[in-house]
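Asker: Sharing final.cif below, mmCIF, C-alpha atoms and all ligand atoms:
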```cif
data_target
loop_
_atom_site.label_atom_id
_atom_site.label_comp_id
_atom_site.auth_asym_id
_atom_site.auth_seq_id
_atom_site.Cartn_x
_atom_site.Cartn_y
_atom_site.Cartn_z
CA MET A 279 284.82 22.31 27.72
CA ILE A 280 285.44 19.48 30.16
CA ASP A 281 285.21 15.99 28.64
CA VAL A 282 283.48 14.46 31.65
CA LYS A 283 283.15 11.00 30.08
CA LEU A 284 286.89 10.86 29.41
CA LEU A 285 287.55 11.92 32.99
CA ILE A 286 285.18 9.21 34.25
CA ASP A 287 286.88 6.56 32.08
CA ASN A 288 290.23 7.58 33.55
CA ALA A 289 288.87 7.39 37.10
CA PHE A 290 287.67 3.82 36.52
CA GLU A 291 291.05 3.00 34.96
CA ALA A 292 292.84 4.39 38.03
CA GLN A 293 290.56 2.44 40.35
CA LYS A 294 292.02 -0.82 39.02
CA ASN A 295 295.30 -0.01 40.81
CA ALA A 296 293.76 0.64 44.22
CA TYR A 297 295.75 -1.09 46.98
CA THR A 298 293.11 -1.96 49.55
CA PRO A 299 293.93 -5.16 51.49
CA TYR A 300 292.21 -3.76 54.62
CA SER A 301 289.03 -1.98 53.54
CA HIS A 302 288.57 -3.64 50.13
CA PHE A 303 287.07 -0.29 49.13
CA ASN A 304 288.60 0.73 45.82
CA VAL A 305 288.70 4.36 44.79
CA GLY A 306 289.86 5.91 41.54
CA ALA A 307 290.30 9.59 40.73
CA ALA A 308 291.11 11.44 37.53
CA LEU A 309 292.33 15.00 37.92
CA LEU A 310 292.17 17.35 34.94
CA ALA A 311 294.92 19.97 34.90
CA ALA A 312 294.57 23.33 33.18
CA ASN A 313 297.19 22.16 30.67
CA GLY A 314 294.78 19.43 29.53
CA LYS A 315 296.66 16.54 31.12
CA ILE A 316 294.81 14.00 33.25
CA TYR A 317 296.47 12.70 36.42
CA LYS A 318 295.18 9.42 37.79
CA GLY A 319 295.18 8.36 41.43
CA CYS A 320 294.07 5.38 43.51
CA ASN A 321 293.86 4.82 47.24
CA ILE A 322 296.91 3.19 48.80
CA GLU A 323 296.36 1.59 52.19
CA ASN A 324 298.84 0.64 54.89
CA ALA A 325 298.98 -1.91 57.72
CA ALA A 326 299.32 0.99 60.17
CA TYR A 327 296.09 2.44 58.67
CA THR A 328 296.81 6.17 59.11
CA PRO A 329 299.48 6.34 56.36
CA THR A 330 296.71 5.47 53.89
CA ASN A 331 296.45 7.90 51.00
CA CYS A 332 293.13 8.56 49.30
CA ALA A 333 292.79 8.35 45.53
CA GLU A 334 292.15 12.07 45.19
CA ARG A 335 295.29 13.03 47.06
CA THR A 336 297.34 10.50 45.10
CA ALA A 337 296.20 12.24 41.90
CA PHE A 338 296.98 15.71 43.27
CA PHE A 339 300.38 14.76 44.64
CA THR A 340 301.34 13.02 41.41
CA ALA A 341 300.53 16.15 39.41
CA ILE A 342 302.24 18.48 41.86
CA ALA A 343 305.36 16.30 41.87
CA GLU A 344 305.48 16.91 38.11
CA GLY A 345 305.33 20.66 38.68
CA VAL A 346 301.66 21.08 37.73
CA LYS A 347 299.56 23.21 40.08
CA ASP A 348 296.59 24.52 38.04
CA PHE A 349 293.53 22.30 38.02
CA THR A 350 290.09 22.32 36.43
CA ALA A 351 288.16 19.27 37.62
CA ILE A 352 288.29 15.85 39.27
CA ALA A 353 286.17 12.73 38.78
CA ILE A 354 285.90 10.19 41.60
CA VAL A 355 284.63 6.60 41.61
CA GLY A 356 284.60 4.18 44.52
CA ASN A 357 283.11 0.87 45.60
CA LYS A 358 283.86 -2.30 47.50
CA ASP A 359 285.47 -5.34 45.88
CA GLY A 360 283.09 -7.47 43.86
CA ILE A 361 280.84 -4.66 42.63
CA LYS A 362 280.90 -4.47 38.87
CA MET A 363 282.47 -1.38 37.34
CA GLY A 364 279.90 1.39 37.15
CA GLU A 365 277.43 -0.28 39.51
CA GLY A 366 278.71 1.21 42.76
CA ASP A 367 277.26 4.10 44.74
CA TYR A 368 278.43 7.71 44.70
CA CYS A 369 281.79 8.13 46.47
CA ALA A 370 282.17 11.64 47.82
CA PRO A 371 285.65 12.96 48.60
CA CYS A 372 286.61 12.89 52.29
CA ALA A 373 287.13 16.15 54.16
CA VAL A 374 290.91 15.83 54.16
CA CYS A 375 290.91 15.57 50.36
CA ARG A 376 288.57 18.57 50.09
CA GLN A 377 291.06 20.55 52.17
CA VAL A 378 293.95 19.50 49.90
CA MET A 379 291.88 20.56 46.89
CA ALA A 380 291.33 23.96 48.52
CA GLU A 381 295.08 24.46 48.73
CA PHE A 382 295.39 24.41 44.94
CA CYS A 383 291.98 24.96 43.40
CA ASP A 384 289.55 27.82 42.98
CA LEU A 385 286.53 27.31 45.24
CA ASP A 386 284.11 28.79 42.70
CA THR A 387 285.30 27.14 39.50
CA PHE A 388 286.97 23.80 40.34
CA LYS A 389 284.49 21.02 39.48
CA ILE A 390 284.07 17.77 41.39
CA TYR A 391 282.29 14.89 39.64
CA ILE A 392 281.04 12.20 42.02
CA VAL A 393 280.41 9.28 39.74
CA LYS A 394 278.29 6.14 39.70
CA ASN A 395 278.80 5.50 36.02
CA ARG A 396 279.23 7.30 32.70
CA GLU A 397 275.60 8.44 32.66
CA ASP A 398 274.99 8.95 36.36
CA TYR A 399 277.13 11.46 38.20
CA LEU A 400 276.82 14.50 40.47
CA GLU A 401 278.58 17.78 39.75
CA TYR A 402 279.63 20.28 42.41
CA THR A 403 282.06 23.13 42.76
CA LEU A 404 284.68 22.77 45.47
CA GLY A 405 283.10 25.71 47.31
CA GLU A 406 279.80 23.87 47.48
CA LEU A 407 281.48 20.89 49.16
CA LEU A 408 283.75 22.99 51.39
CA PRO A 409 281.85 26.05 52.55
CA LEU A 410 283.74 28.61 54.65
CA ALA A 411 287.01 27.02 53.61
CA PHE A 412 290.15 27.75 55.61
CA THR A 413 292.85 28.55 53.08
CA GLY A 414 296.17 30.34 52.70
CA LYS A 415 294.18 33.60 52.46
CA ASN A 416 293.39 33.30 56.16
CA LEU A 417 297.09 33.39 56.95
CA GLU A 418 297.90 36.56 55.03
N1 LIG B 501 289.01 6.74 50.28
C1 LIG B 501 289.47 7.43 49.18
O1 LIG B 501 290.42 7.01 48.52
N2 LIG B 501 288.84 8.58 48.85
C2 LIG B 501 287.75 9.08 49.49
O2 LIG B 501 287.32 10.18 49.21
C3 LIG B 501 287.08 8.29 50.54
C4 LIG B 501 287.92 7.20 51.12
C5 LIG B 501 289.68 5.48 50.64
C6 LIG B 501 290.51 5.52 51.86
C7 LIG B 501 290.54 4.07 52.26
O3 LIG B 501 291.56 3.40 51.55
C8 LIG B 501 289.20 3.52 51.78
O4 LIG B 501 288.72 4.48 50.84
C9 LIG B 501 288.17 3.33 52.86
O5 LIG B 501 288.02 4.46 53.63
#
```
Could you render the structure from this file as structure tokens?
Ligand code: THU
Answerer:
Amino acid sequence: MIDVKLLIDNAFEAQKNAYTPYSHFNVGAALLAANGKIYKGCNIENAAYTPTNCAERTAFFTAIAEGVKDFTAIAIVGNKDGIKMGEGDYCAPCAVCRQVMAEFCDLDTFKIYIVKNREDYLEYTLGELLPLAFTGKNLE
């Protein structure tokens, strides 16, 4: 059973560390690994713009750097500066992050929670958000 509320709390916690001097759009992600551990990530912007890393990828890369590669679910929150926690809109993962998810996660079972607040969130599988995914299978 996935503790969605715990995942959401962790995403909001991660959002506090977002480094966003250019967009002022703060994203937090909480990635649940199959081993039960939660990896947090925030977006990290850069003056040259393109080196910016999204919150979701920060969470994935943090886990992978620790040797963890099996994942169950991710919760994502995002809003501009000044919006009170939990009062933002849904923040869907960008296409680059969906592609990174597809590298490591099962399209049919990996869950993506797109969160407004603890009570209001959308739930999708990765396959629903990335139909006809191009993956390592295509290269076999
Ligand atoms: N961003 C994320 O961190 N995740 C997403 O899925 C959407 C976009 C970040 C990137 C950039 O720092 C800011 O939000 C505005 O695009």
Asker: Find the distance between CA of Asp386 in chain A and CA of Tyr402 in chain A and write it in Å to one decimal.
Answerer: 9.6 Å
Asker: Name each residue within 8 Å of ligand LIG 501 (chain B), counting all atoms listed in the file, as a PDB file with C-alpha atoms, in the coordinates of the input.
Answerer:
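Writing done, so here's selection21.pdb:
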```pdb
ATOM      1  CA  TYR A 297     295.750  -1.090  46.980  1.00  0.00           C
ATOM      2  CA  THR A 298     293.110  -1.960  49.550  1.00  0.00           C
ATOM      3  CA  TYR A 300     292.210  -3.760  54.620  1.00  0.00           C
ATOM      4  CA  SER A 301     289.030  -1.980  53.540  1.00  0.00           C
ATOM      5  CA  HIS A 302     288.570  -3.640  50.130  1.00  0.00           C
ATOM      6  CA  PHE A 303     287.070  -0.290  49.130  1.00  0.00           C
ATOM      7  CA  ASN A 304     288.600   0.730  45.820  1.00  0.00           C
ATOM      8  CA  VAL A 305     288.700   4.360  44.790  1.00  0.00           C
ATOM      9  CA  GLY A 306     289.860   5.910  41.540  1.00  0.00           C
ATOM     10  CA  CYS A 320     294.070   5.380  43.510  1.00  0.00           C
ATOM     11  CA  ASN A 321     293.860   4.820  47.240  1.00  0.00           C
ATOM     12  CA  ILE A 322     296.910   3.190  48.800  1.00  0.00           C
ATOM     13  CA  GLU A 323     296.360   1.590  52.190  1.00  0.00           C
ATOM     14  CA  THR A 330     296.710   5.470  53.890  1.00  0.00           C
ATOM     15  CA  ASN A 331     296.450   7.900  51.000  1.00  0.00           C
ATOM     16  CA  CYS A 332     293.130   8.560  49.300  1.00  0.00           C
ATOM     17  CA  ALA A 333     292.790   8.350  45.530  1.00  0.00           C
ATOM     18  CA  GLU A 334     292.150  12.070  45.190  1.00  0.00           C
ATOM     19  CA  ARG A 335     295.290  13.030  47.060  1.00  0.00           C
ATOM     20  CA  ILE A 354     285.900  10.190  41.600  1.00  0.00           C
ATOM     21  CA  GLY A 356     284.600   4.180  44.520  1.00  0.00           C
ATOM     22  CA  CYS A 369     281.790   8.130  46.470  1.00  0.00           C
ATOM     23  CA  ALA A 370     282.170  11.640  47.820  1.00  0.00           C
ATOM     24  CA  PRO A 371     285.650  12.960  48.600  1.00  0.00           C
ATOM     25  CA  CYS A 372     286.610  12.890  52.290  1.00  0.00           C
ATOM     26  CA  ALA A 373     287.130  16.150  54.160  1.00  0.00           C
ATOM     27  CA  CYS A 375     290.910  15.570  50.360  1.00  0.00           C
TER      28      CYS A 375
END
```
Asker: One number please: CA of Leu417 in chain A to CA of Cys383 in chain A, in Å, one decimal.
Answerer: 16.8 Å
Asker: Interatomic distance between CA of Thr403 in chain A and CA of Ile286 in chain A?
Answerer: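 CA of Ile286 in chain A lies at a distance of 16.6 Å from CA of Thr403 in chain A.
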Asker: Pick out the closest residue to Phe388 in chain A from this set: A:Ile342, A:Gly414, A:Ile280, A:Glu291. Count all atoms listed in the file.
Answerer: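 For Phe388 in chain A, the nearest of the candidates is A:Ile280.
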Asker: Mind checking which residues fall within 12 Å of Lys315 in chain A, counting all atoms listed in the file, ignoring those fewer than 3 positions away in the same chain, and posting them as a list of chain:residue names?
Answerer: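 Near neighbours after the sequence-gap exclusion: A:Ile280, A:Asp281, A:Leu284, A:Leu285, A:Asn288, A:Ala308, A:Leu309, A:Leu310, A:Ala311, A:Ala312, A:Lys318, A:Ala337, A:Thr340, A:Ala341, A:Glu344, A:Val346, A:Lys347, A:Asp348, A:Phe349, A:Thr350, A:Ala351, A:Ile352.
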Asker: Just want the 6 Å neighbourhood of Tyr391 in chain A, counted on only C-alpha atoms, with same-chain residues fewer than 4 positions away dropped. Output as a list in words.
Answerer: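 Close residues of Tyr391 in chain A: Ala353, Leu400 and Glu401 of chain A.
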Asker: Using all atoms listed in the file, pick whichever of A:Lys283, A:Ala411, A:Val378, A:Lys294 has the shortest atom-to-atom distance to Val393 in chain A.
Answerer: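 Distance minimum relative to Val393 in chain A lands on A:Lys283.
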Asker: Name the residues in contact with Leu410 in chain A at a cut-off of 10 Å, using all atoms listed in the file, excluding same-chain residues fewer than 4 positions from it; report them as a list in words.
Answerer: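 Contacts, with the query itself left out: Leu385, Gly405 and Glu406 of chain A.
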Asker: Which residue gives the smallest distance to Asn357 in chain A among A:Lys415, A:Thr328, A:Lys394, A:Ala343, with only C-alpha atoms counted?
Answerer: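 Of A:Lys415, A:Thr328, A:Lys394, A:Ala343, the one nearest Asn357 in chain A, counting only C-alpha atoms, is A:Lys394.
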Asker: Would you save range 319-334 of chain A from the block above with all heavy atoms, as a PDB file, in the first residue's frame?
Answerer:
```pdb
ATOM      1  N   GLY A 319      13.300  15.585  -4.010  1.00  0.00           N
ATOM      2  CA  GLY A 319      14.000  16.386  -5.012  1.00  0.00           C
ATOM      3  C   GLY A 319      13.321  17.728  -5.185  1.00  0.00           C
ATOM      4  O   GLY A 319      12.105  17.860  -4.978  1.00  0.00           O
ATOM      5  N   CYS A 320      14.119  18.740  -5.533  1.00  0.00           N
ATOM      6  CA  CYS A 320      13.580  20.069  -5.846  1.00  0.00           C
ATOM      7  C   CYS A 320      14.180  20.506  -7.179  1.00  0.00           C
ATOM      8  O   CYS A 320      15.159  19.919  -7.646  1.00  0.00           O
ATOM      9  CB  CYS A 320      13.936  21.068  -4.756  1.00  0.00           C
ATOM     10  SG  CYS A 320      15.712  21.273  -4.533  1.00  0.00           S
ATOM     11  N   ASN A 321      13.567  21.529  -7.795  1.00  0.00           N
ATOM     12  CA  ASN A 321      14.186  22.047  -9.014  1.00  0.00           C
ATOM     13  C   ASN A 321      15.348  22.959  -8.648  1.00  0.00           C
ATOM     14  O   ASN A 321      15.331  23.660  -7.628  1.00  0.00           O
ATOM     15  CB  ASN A 321      13.174  22.724  -9.943  1.00  0.00           C
ATOM     16  CG  ASN A 321      12.312  23.780  -9.298  1.00  0.00           C
ATOM     17  OD1 ASN A 321      12.085  23.768  -8.090  1.00  0.00           O
ATOM     18  ND2 ASN A 321      11.814  24.696 -10.101  1.00  0.00           N
ATOM     19  N   ILE A 322      16.372  22.915  -9.497  1.00  0.00           N
ATOM     20  CA  ILE A 322      17.613  23.657  -9.265  1.00  0.00           C
ATOM     21  C   ILE A 322      17.928  24.407 -10.553  1.00  0.00           C
ATOM     22  O   ILE A 322      18.291  23.783 -11.565  1.00  0.00           O
ATOM     23  CB  ILE A 322      18.761  22.695  -8.899  1.00  0.00           C
ATOM     24  CG1 ILE A 322      18.375  21.832  -7.689  1.00  0.00           C
ATOM     25  CG2 ILE A 322      20.046  23.480  -8.626  1.00  0.00           C
ATOM     26  CD1 ILE A 322      19.309  20.646  -7.446  1.00  0.00           C
ATOM     27  N   GLU A 323      17.734  25.724 -10.528  1.00  0.00           N
ATOM     28  CA  GLU A 323      17.899  26.507 -11.756  1.00  0.00           C
ATOM     29  C   GLU A 323      19.333  27.001 -11.907  1.00  0.00           C
ATOM     30  O   GLU A 323      20.173  26.828 -11.018  1.00  0.00           O
ATOM     31  CB  GLU A 323      16.891  27.668 -11.742  1.00  0.00           C
ATOM     32  CG  GLU A 323      15.470  27.133 -11.719  1.00  0.00           C
ATOM     33  CD  GLU A 323      14.392  28.168 -11.913  1.00  0.00           C
ATOM     34  OE1 GLU A 323      14.654  29.376 -11.728  1.00  0.00           O
ATOM     35  OE2 GLU A 323      13.263  27.742 -12.252  1.00  0.00           O
ATOM     36  N   ASN A 324      19.589  27.597 -13.075  1.00  0.00           N
ATOM     37  CA  ASN A 324      20.946  28.027 -13.405  1.00  0.00           C
ATOM     38  C   ASN A 324      20.871  29.275 -14.274  1.00  0.00           C
ATOM     39  O   ASN A 324      19.957  29.389 -15.115  1.00  0.00           O
ATOM     40  CB  ASN A 324      21.666  26.889 -14.143  1.00  0.00           C
ATOM     41  CG  ASN A 324      23.117  27.177 -14.353  1.00  0.00           C
ATOM     42  OD1 ASN A 324      23.499  27.918 -15.256  1.00  0.00           O
ATOM     43  ND2 ASN A 324      23.945  26.589 -13.530  1.00  0.00           N
ATOM     44  N   ALA A 325      21.840  30.164 -14.124  1.00  0.00           N
ATOM     45  CA  ALA A 325      21.866  31.414 -14.891  1.00  0.00           C
ATOM     46  C   ALA A 325      21.900  31.152 -16.392  1.00  0.00           C
ATOM     47  O   ALA A 325      21.417  31.966 -17.185  1.00  0.00           O
ATOM     48  CB  ALA A 325      23.076  32.255 -14.482  1.00  0.00           C
ATOM     49  N   ALA A 326      22.450  30.009 -16.787  1.00  0.00           N
ATOM     50  CA  ALA A 326      22.487  29.659 -18.218  1.00  0.00           C
ATOM     51  C   ALA A 326      21.220  28.904 -18.648  1.00  0.00           C
ATOM     52  O   ALA A 326      21.139  28.410 -19.774  1.00  0.00           O
ATOM     53  CB  ALA A 326      23.728  28.832 -18.528  1.00  0.00           C
ATOM     54  N   TYR A 327      20.258  28.849 -17.741  1.00  0.00           N
ATOM     55  CA  TYR A 327      18.917  28.261 -17.975  1.00  0.00           C
ATOM     56  C   TYR A 327      18.910  26.759 -18.284  1.00  0.00           C
ATOM     57  O   TYR A 327      18.266  25.997 -17.601  1.00  0.00           O
ATOM     58  CB  TYR A 327      18.154  28.999 -19.083  1.00  0.00           C
ATOM     59  CG  TYR A 327      17.732  30.410 -18.726  1.00  0.00           C
ATOM     60  CD1 TYR A 327      18.133  31.007 -17.522  1.00  0.00           C
ATOM     61  CD2 TYR A 327      16.937  31.161 -19.575  1.00  0.00           C
ATOM     62  CE1 TYR A 327      17.755  32.304 -17.196  1.00  0.00           C
ATOM     63  CE2 TYR A 327      16.546  32.461 -19.264  1.00  0.00           C
ATOM     64  CZ  TYR A 327      16.970  33.029 -18.079  1.00  0.00           C
ATOM     65  OH  TYR A 327      16.599  34.293 -17.752  1.00  0.00           O
ATOM     66  N   THR A 328      19.587  26.330 -19.364  1.00  0.00           N
ATOM     67  CA  THR A 328      19.430  24.922 -19.769  1.00  0.00           C
ATOM     68  C   THR A 328      20.007  23.921 -18.761  1.00  0.00           C
ATOM     69  O   THR A 328      19.544  22.776 -18.745  1.00  0.00           O
ATOM     70  CB  THR A 328      20.027  24.643 -21.165  1.00  0.00           C
ATOM     71  OG1 THR A 328      21.387  25.069 -21.180  1.00  0.00           O
ATOM     72  CG2 THR A 328      19.241  25.360 -22.245  1.00  0.00           C
ATOM     73  N   PRO A 329      20.997  24.276 -17.942  1.00  0.00           N
ATOM     74  CA  PRO A 329      21.451  23.300 -16.942  1.00  0.00           C
ATOM     75  C   PRO A 329      20.427  23.042 -15.831  1.00  0.00           C
ATOM     76  O   PRO A 329      20.645  22.179 -14.971  1.00  0.00           O
ATOM     77  CB  PRO A 329      22.725  23.940 -16.355  1.00  0.00           C
ATOM     78  CG  PRO A 329      23.155  24.937 -17.369  1.00  0.00           C
ATOM     79  CD  PRO A 329      21.884  25.453 -17.987  1.00  0.00           C
ATOM     80  N   THR A 330      19.331  23.754 -15.844  1.00  0.00           N
ATOM     81  CA  THR A 330      18.299  23.570 -14.807  1.00  0.00           C
ATOM     82  C   THR A 330      17.868  22.106 -14.690  1.00  0.00           C
ATOM     83  O   THR A 330      17.681  21.425 -15.696  1.00  0.00           O
ATOM     84  CB  THR A 330      17.070  24.447 -15.153  1.00  0.00           C
ATOM     85  OG1 THR A 330      17.453  25.816 -15.038  1.00  0.00           O
ATOM     86  CG2 THR A 330      15.890  24.144 -14.231  1.00  0.00           C
ATOM     87  N   ASN A 331      17.735  21.664 -13.461  1.00  0.00           N
ATOM     88  CA  ASN A 331      17.260  20.289 -13.235  1.00  0.00           C
ATOM     89  C   ASN A 331      15.892  20.336 -12.558  1.00  0.00           C
ATOM     90  O   ASN A 331      15.710  21.034 -11.555  1.00  0.00           O
ATOM     91  CB  ASN A 331      18.251  19.535 -12.348  1.00  0.00           C
ATOM     92  CG  ASN A 331      18.223  18.047 -12.629  1.00  0.00           C
ATOM     93  OD1 ASN A 331      18.399  17.637 -13.778  1.00  0.00           O
ATOM     94  ND2 ASN A 331      17.975  17.256 -11.613  1.00  0.00           N
ATOM     95  N   CYS A 332      14.963  19.587 -13.103  1.00  0.00           N
ATOM     96  CA  CYS A 332      13.623  19.535 -12.507  1.00  0.00           C
ATOM     97  C   CYS A 332      13.646  18.759 -11.194  1.00  0.00           C
ATOM     98  O   CYS A 332      14.531  17.925 -10.961  1.00  0.00           O
ATOM     99  CB  CYS A 332      12.647  18.831 -13.447  1.00  0.00           C
ATOM    100  SG  CYS A 332      12.215  19.762 -14.919  1.00  0.00           S
ATOM    101  N   ALA A 333      12.643  19.003 -10.386  1.00  0.00           N
ATOM    102  CA  ALA A 333      12.527  18.338  -9.081  1.00  0.00           C
ATOM    103  C   ALA A 333      12.469  16.818  -9.224  1.00  0.00           C
ATOM    104  O   ALA A 333      13.101  16.082  -8.453  1.00  0.00           O
ATOM    105  CB  ALA A 333      11.268  18.835  -8.374  1.00  0.00           C
ATOM    106  N   GLU A 334      11.718  16.364 -10.207  1.00  0.00           N
ATOM    107  CA  GLU A 334      11.544  14.917 -10.386  1.00  0.00           C
ATOM    108  C   GLU A 334      12.879  14.251 -10.684  1.00  0.00           C
ATOM    109  O   GLU A 334      13.217  13.210 -10.133  1.00  0.00           O
ATOM    110  CB  GLU A 334      10.572  14.640 -11.541  1.00  0.00           C
ATOM    111  CG  GLU A 334       9.165  15.175 -11.323  1.00  0.00           C
ATOM    112  CD  GLU A 334       8.979  16.599 -11.822  1.00  0.00           C
ATOM    113  OE1 GLU A 334       9.925  17.413 -11.721  1.00  0.00           O
ATOM    114  OE2 GLU A 334       7.876  16.909 -12.306  1.00  0.00           O
TER     115      GLU A 334
END
```
